[in-house]
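Notes to accompany the following structure.
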Amino acid sequence: MRDLVDIGMGRTARRAFGLDDVEIVPSRRTRSSSDVATTWQIDAYRFDIPLITHPTDAVVSPAGAVAVGKLGGLGVLNAEGLWARHADPEKALARLVEAADAGEEPAALVRILQELHAAPLQPDLVAEAIRQVRESGVTVSARVSPQNAALLAPGLIAAGVEILVVQGTIVSAEHVARGAGEPLNLKSFIGGLDIPVIAGGAHDYRTAMHLMRTGAAGVIVGYGHCDGVTSTDSSLGIGVPMATAIVDAAAARRDYLDETGGRYVHVIADGEVNTSGDIAKSIACGADAVMLGAPLAAADTAPGKGLYWTSAAAHPSLPRSRVLPVADEVGIDLNTLLFGPSGEAEGLVNLFGALRRAMAKTGYSDLKEFQRVGLTVRS
């Protein structure tokens, strides 16, 4: 039964919980972390760790996507980002990094990012970025916004994209529009493609279920929320604590599995995931994988050199992300960041080695089993 609270006369609200509000409960059994498997598979593509990168130029370049892929995750390029707009994206990013180093205010950094994104999209630049990833042999993925999905998808697929991510702050299966322009029919769009599509963000059971019914292979829960960086809650007043949002989407996945007689849709957590403990809690709440952004800003492969922002920062009229430094230490070897060893105890390094340890300490041998681990709520 839903936990409703009165917020005034005649109005109730549902109580919801963030990842910081829940804790994992050990069982009576433990095992060695060497006996734990963190592999997962979406459609025909298998990955060693449940990692998808948040599609932001702050953490993913073509070279970075290759590095993530070779370490067992999925790197997602932003097909509407700087690599799609500038022949020398490193130079464009250097302008942003230099401004941050000079002490420019976050608002000024957002204006620089908006200016850089005002350059037109160039299909040949996107194709070249995808070619670099494809030739490495890792799985190729790119993100498009719902507004540009129909326009950009054919070229991306022709260039070699194998998994398409359709991502916005909020993505619905039905967009109502008036006036000129035909809104994206996500079900028809996905049905016309020969590659799997991951769509989101969703924030509740109903939206997750609707997205699953469009034929999406995966549903993103959240919008990449990171404390201090994302501002969707302050600019739009929209947000759902992630533990509740993940659990709701996992319930939709279970009901959709029964509805279809066996079609499994993956739940991908994108938000409030700042430490290795948050990764473990996301899986424990029912996610199949996590979409990491800010935790990867410290990696030696991150183009932002410790700065972080989401793609919503470049919106021309209503940016919903700041550009801020999120890493105290930058240039950490990506392999070390993901698998250790770690010299600190804050859960910022050895992200997926820690996940293996959490699974072992609670006695679970794979990710699907770990989704059944006990949880408690902090009082």
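Just remember, in the structure tokens the first chain shown is A, the second B, etc., residues are 1-based per chain, and ligands are 1-based in the order shown.
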If we count only C-alpha atoms, what is near Val373 of chain A at a cut-off of 8 Å, once residues fewer than 4 positions away on the same chain are taken out, given as a PyMOL selection string? chain A and resi 24-27+284+362+369
Let's have the selection written as an mmCIF file, in the first residue's frame, with C-alpha atoms.
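So the final result, stored in out02.cif, reads:
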```cif
data_model
loop_
_atom_site.group_PDB
_atom_site.id
_atom_site.type_symbol
_atom_site.label_atom_id
_atom_site.label_comp_id
_atom_site.auth_asym_id
_atom_site.auth_seq_id
_atom_site.Cartn_x
_atom_site.Cartn_y
_atom_site.Cartn_z
ATOM 1 C CA ILE A 24 21.363 -2.986 2.059
ATOM 2 C CA VAL A 25 20.815 -5.761 4.621
ATOM 3 C CA PRO A 26 23.326 -8.654 4.720
ATOM 4 C CA SER A 27 21.882 -12.169 4.646
ATOM 5 C CA ALA A 284 19.551 -3.731 -5.017
ATOM 6 C CA THR A 362 25.366 -10.343 1.144
ATOM 7 C CA GLU A 369 19.984 -12.426 -7.534
#
```
What parts of segment 77-191 of chain A does DSSP call strand (DSSP E)? I'd like the answer as a ChimeraX atom specification. /A:77-78,141-144,163-167
What's the separation between atom CA of Ala354 of chain A and atom CA of Asp278 of chain A, in Å to one decimal place?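 The value is 10.4 Å.
If only C-alpha atoms are the atoms counted, then among A:Ala297, A:Ala312, A:Leu93, A:Val247 the closest residue to Asp204 of chain A is A:Val247.
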If you count only C-alpha atoms, which residues fall within 8 Å of Ala107 of chain A, apart from same-chain ones fewer than 4 positions away, as a PDB file with all heavy atoms, in the first residue's frame?
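Output below, filename around-v3.pdb:
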```pdb
ATOM      1  N   ARG A 111      26.950  29.787 -20.212  1.00  0.00           N
ATOM      2  CA  ARG A 111      26.825  30.612 -21.427  1.00  0.00           C
ATOM      3  C   ARG A 111      27.851  30.210 -22.479  1.00  0.00           C
ATOM      4  O   ARG A 111      27.553  30.203 -23.679  1.00  0.00           O
ATOM      5  CB  ARG A 111      26.951  32.095 -21.058  1.00  0.00           C
ATOM      6  CG  ARG A 111      25.733  32.651 -20.333  1.00  0.00           C
ATOM      7  CD  ARG A 111      25.768  34.169 -20.276  1.00  0.00           C
ATOM      8  NE  ARG A 111      26.833  34.668 -19.426  1.00  0.00           N
ATOM      9  CZ  ARG A 111      26.712  34.887 -18.122  1.00  0.00           C
ATOM     10  NH1 ARG A 111      25.562  34.640 -17.514  1.00  0.00           N
ATOM     11  NH2 ARG A 111      27.727  35.372 -17.420  1.00  0.00           N
ATOM     12  N   ARG A 322      24.203  22.861 -14.296  1.00  0.00           N
ATOM     13  CA  ARG A 322      25.322  23.780 -14.151  1.00  0.00           C
ATOM     14  C   ARG A 322      26.588  23.121 -14.698  1.00  0.00           C
ATOM     15  O   ARG A 322      26.617  21.915 -14.952  1.00  0.00           O
ATOM     16  CB  ARG A 322      25.510  24.161 -12.682  1.00  0.00           C
ATOM     17  CG  ARG A 322      24.267  24.808 -12.059  1.00  0.00           C
ATOM     18  CD  ARG A 322      24.440  25.021 -10.576  1.00  0.00           C
ATOM     19  NE  ARG A 322      23.226  25.584  -9.977  1.00  0.00           N
ATOM     20  CZ  ARG A 322      22.220  24.860  -9.507  1.00  0.00           C
ATOM     21  NH1 ARG A 322      22.291  23.530  -9.536  1.00  0.00           N
ATOM     22  NH2 ARG A 322      21.155  25.434  -8.994  1.00  0.00           N
ATOM     23  N   VAL A 323      27.627  23.888 -14.859  1.00  0.00           N
ATOM     24  CA  VAL A 323      28.955  23.376 -15.204  1.00  0.00           C
ATOM     25  C   VAL A 323      29.830  23.614 -13.979  1.00  0.00           C
ATOM     26  O   VAL A 323      30.176  24.757 -13.668  1.00  0.00           O
ATOM     27  CB  VAL A 323      29.538  24.097 -16.433  1.00  0.00           C
ATOM     28  CG1 VAL A 323      30.924  23.548 -16.753  1.00  0.00           C
ATOM     29  CG2 VAL A 323      28.611  23.936 -17.639  1.00  0.00           C
TER      30      VAL A 323
END
```
Using atom CA of Val326 of chain A and atom CA of Val59 of chain A as the two end points, give the distance in Å to one decimal.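 Atom-to-atom, atom CA of Val326 of chain A to atom CA of Val59 of chain A, that is 11.6 Å.
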Long-range neighbours of Pro316 of chain A as a CSV table (one decimal) with N, CA and C atoms, in the first residue's frame, 9 Å cut-off, only C-alpha atoms, 5 positions minimum in chain:
```
chain,number,residue,atom,x,y,z
A,111,ARG,N,27.0,29.8,-20.2
A,111,ARG,CA,26.8,30.6,-21.4
A,111,ARG,C,27.9,30.2,-22.5
A,114,GLN,N,26.5,27.0,-24.0
A,114,GLN,CA,25.4,27.3,-24.9
A,114,GLN,C,26.0,27.9,-26.2
A,115,GLU,N,27.0,28.7,-26.2
A,115,GLU,CA,27.6,29.3,-27.4
A,115,GLU,C,28.2,28.2,-28.2
A,117,HIS,N,27.4,25.1,-28.3
A,117,HIS,CA,26.4,24.3,-28.9
A,117,HIS,C,25.5,25.0,-29.9
A,118,ALA,N,25.7,26.3,-30.1
A,118,ALA,CA,25.0,27.0,-31.1
A,118,ALA,C,25.5,26.7,-32.5
```
With DSSP run on the backbone, what are the helix (DSSP H, G or I) residues within segment 10-41 of chain A? I'd like them as a PyMOL selection string. chain A and resi 19-21+33-35
Shell around Ala287 of chain A at 8 Å using only C-alpha atoms, local window under 5 positions removed, as a list in words: Ile246, Ala250, His266, Val267, Ile268, Ala269, Ser282 and Gln371 of chain A
For the residues in that selection, give me N, CA and C atoms as a PDB file, in the first residue's frame.
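New file selection.pdb:
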```
ATOM      1  N   ILE A 246      13.366   3.759  -8.946  1.00  0.00           N
ATOM      2  CA  ILE A 246      13.904   2.492  -9.460  1.00  0.00           C
ATOM      3  C   ILE A 246      12.984   1.337  -9.104  1.00  0.00           C
ATOM      4  N   ALA A 250      11.107  -1.137 -11.670  1.00  0.00           N
ATOM      5  CA  ALA A 250      11.309  -2.586 -11.597  1.00  0.00           C
ATOM      6  C   ALA A 250       9.974  -3.312 -11.480  1.00  0.00           C
ATOM      7  N   HIS A 266      15.188  -3.806 -19.642  1.00  0.00           N
ATOM      8  CA  HIS A 266      16.188  -3.458 -18.640  1.00  0.00           C
ATOM      9  C   HIS A 266      15.926  -2.081 -18.040  1.00  0.00           C
ATOM     10  N   VAL A 267      16.142  -1.987 -16.744  1.00  0.00           N
ATOM     11  CA  VAL A 267      15.985  -0.736 -16.001  1.00  0.00           C
ATOM     12  C   VAL A 267      17.372  -0.170 -15.719  1.00  0.00           C
ATOM     13  N   ILE A 268      17.575   1.076 -16.115  1.00  0.00           N
ATOM     14  CA  ILE A 268      18.891   1.712 -15.988  1.00  0.00           C
ATOM     15  C   ILE A 268      18.756   2.950 -15.112  1.00  0.00           C
ATOM     16  N   ALA A 269      19.468   2.963 -14.002  1.00  0.00           N
ATOM     17  CA  ALA A 269      19.373   4.054 -13.032  1.00  0.00           C
ATOM     18  C   ALA A 269      20.296   5.192 -13.419  1.00  0.00           C
ATOM     19  N   SER A 282      21.475   0.936  -6.139  1.00  0.00           N
ATOM     20  CA  SER A 282      20.661   1.002  -7.355  1.00  0.00           C
ATOM     21  C   SER A 282      20.321  -0.386  -7.864  1.00  0.00           C
ATOM     22  N   GLN A 371      19.254  -8.274  -6.915  1.00  0.00           N
ATOM     23  CA  GLN A 371      18.059  -7.429  -6.919  1.00  0.00           C
ATOM     24  C   GLN A 371      17.048  -7.860  -5.856  1.00  0.00           C
TER      25      GLN A 371
END
```
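Shell of Pro62 of chain A at 6 Å, with only C-alpha atoms counted and residues fewer than 3 places along the chain excluded, is A:Ala65, A:Ala129, A:Val133.
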Limited to N, CA, C and O atoms, could you put the picked residues into a file as a PDB file, in the first residue's frame?
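The resulting out-v5.pdb:
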```
ATOM      1  N   ALA A  65      34.874   6.465 -24.962  1.00  0.00           N
ATOM      2  CA  ALA A  65      33.906   5.398 -25.184  1.00  0.00           C
ATOM      3  C   ALA A  65      34.609   4.082 -25.471  1.00  0.00           C
ATOM      4  O   ALA A  65      34.183   3.014 -25.015  1.00  0.00           O
ATOM      5  N   ALA A 129      33.251  10.405 -35.511  1.00  0.00           N
ATOM      6  CA  ALA A 129      33.367  10.012 -34.106  1.00  0.00           C
ATOM      7  C   ALA A 129      32.915   8.569 -33.910  1.00  0.00           C
ATOM      8  O   ALA A 129      33.557   7.791 -33.190  1.00  0.00           O
ATOM      9  N   VAL A 133      34.999   4.737 -32.749  1.00  0.00           N
ATOM     10  CA  VAL A 133      34.553   3.745 -31.762  1.00  0.00           C
ATOM     11  C   VAL A 133      34.343   2.399 -32.431  1.00  0.00           C
ATOM     12  O   VAL A 133      34.772   1.356 -31.920  1.00  0.00           O
TER      13      VAL A 133
END
```
Closest atom pairs, segment 183-207 of chain A residues within 12 Å of segment 251-256 of chain A, only C-alpha atoms, as JSON lines:
```
{"residue": "A:Ala202", "atom": "CA", "partner": "A:Ala252", "partner_atom": "CA", "distance": 11.2}
{"residue": "A:His203", "atom": "CA", "partner": "A:Ala252", "partner_atom": "CA", "distance": 11.5}
{"residue": "A:Asp204", "atom": "CA", "partner": "A:Ala252", "partner_atom": "CA", "distance": 8.9}
{"residue": "A:Tyr205", "atom": "CA", "partner": "A:Ala252", "partner_atom": "CA", "distance": 5.6}
{"residue": "A:Arg206", "atom": "CA", "partner": "A:Ala252", "partner_atom": "CA", "distance": 7.5}
{"residue": "A:Thr207", "atom": "CA", "partner": "A:Ala252", "partner_atom": "CA", "distance": 9.0}
```
Selection to disk with C-alpha atoms, as a CSV table (one decimal), in the first residue's frame:
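again-v5.csv, freshly written:
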```csv
chain,number,residue,atom,x,y,z
A,202,ALA,CA,11.1,7.9,-16.6
A,203,HIS,CA,10.2,8.7,-13.0
A,204,ASP,CA,7.3,6.5,-12.0
A,205,TYR,CA,5.6,3.1,-12.7
A,206,ARG,CA,3.2,4.4,-15.3
A,207,THR,CA,5.8,6.2,-17.5
```
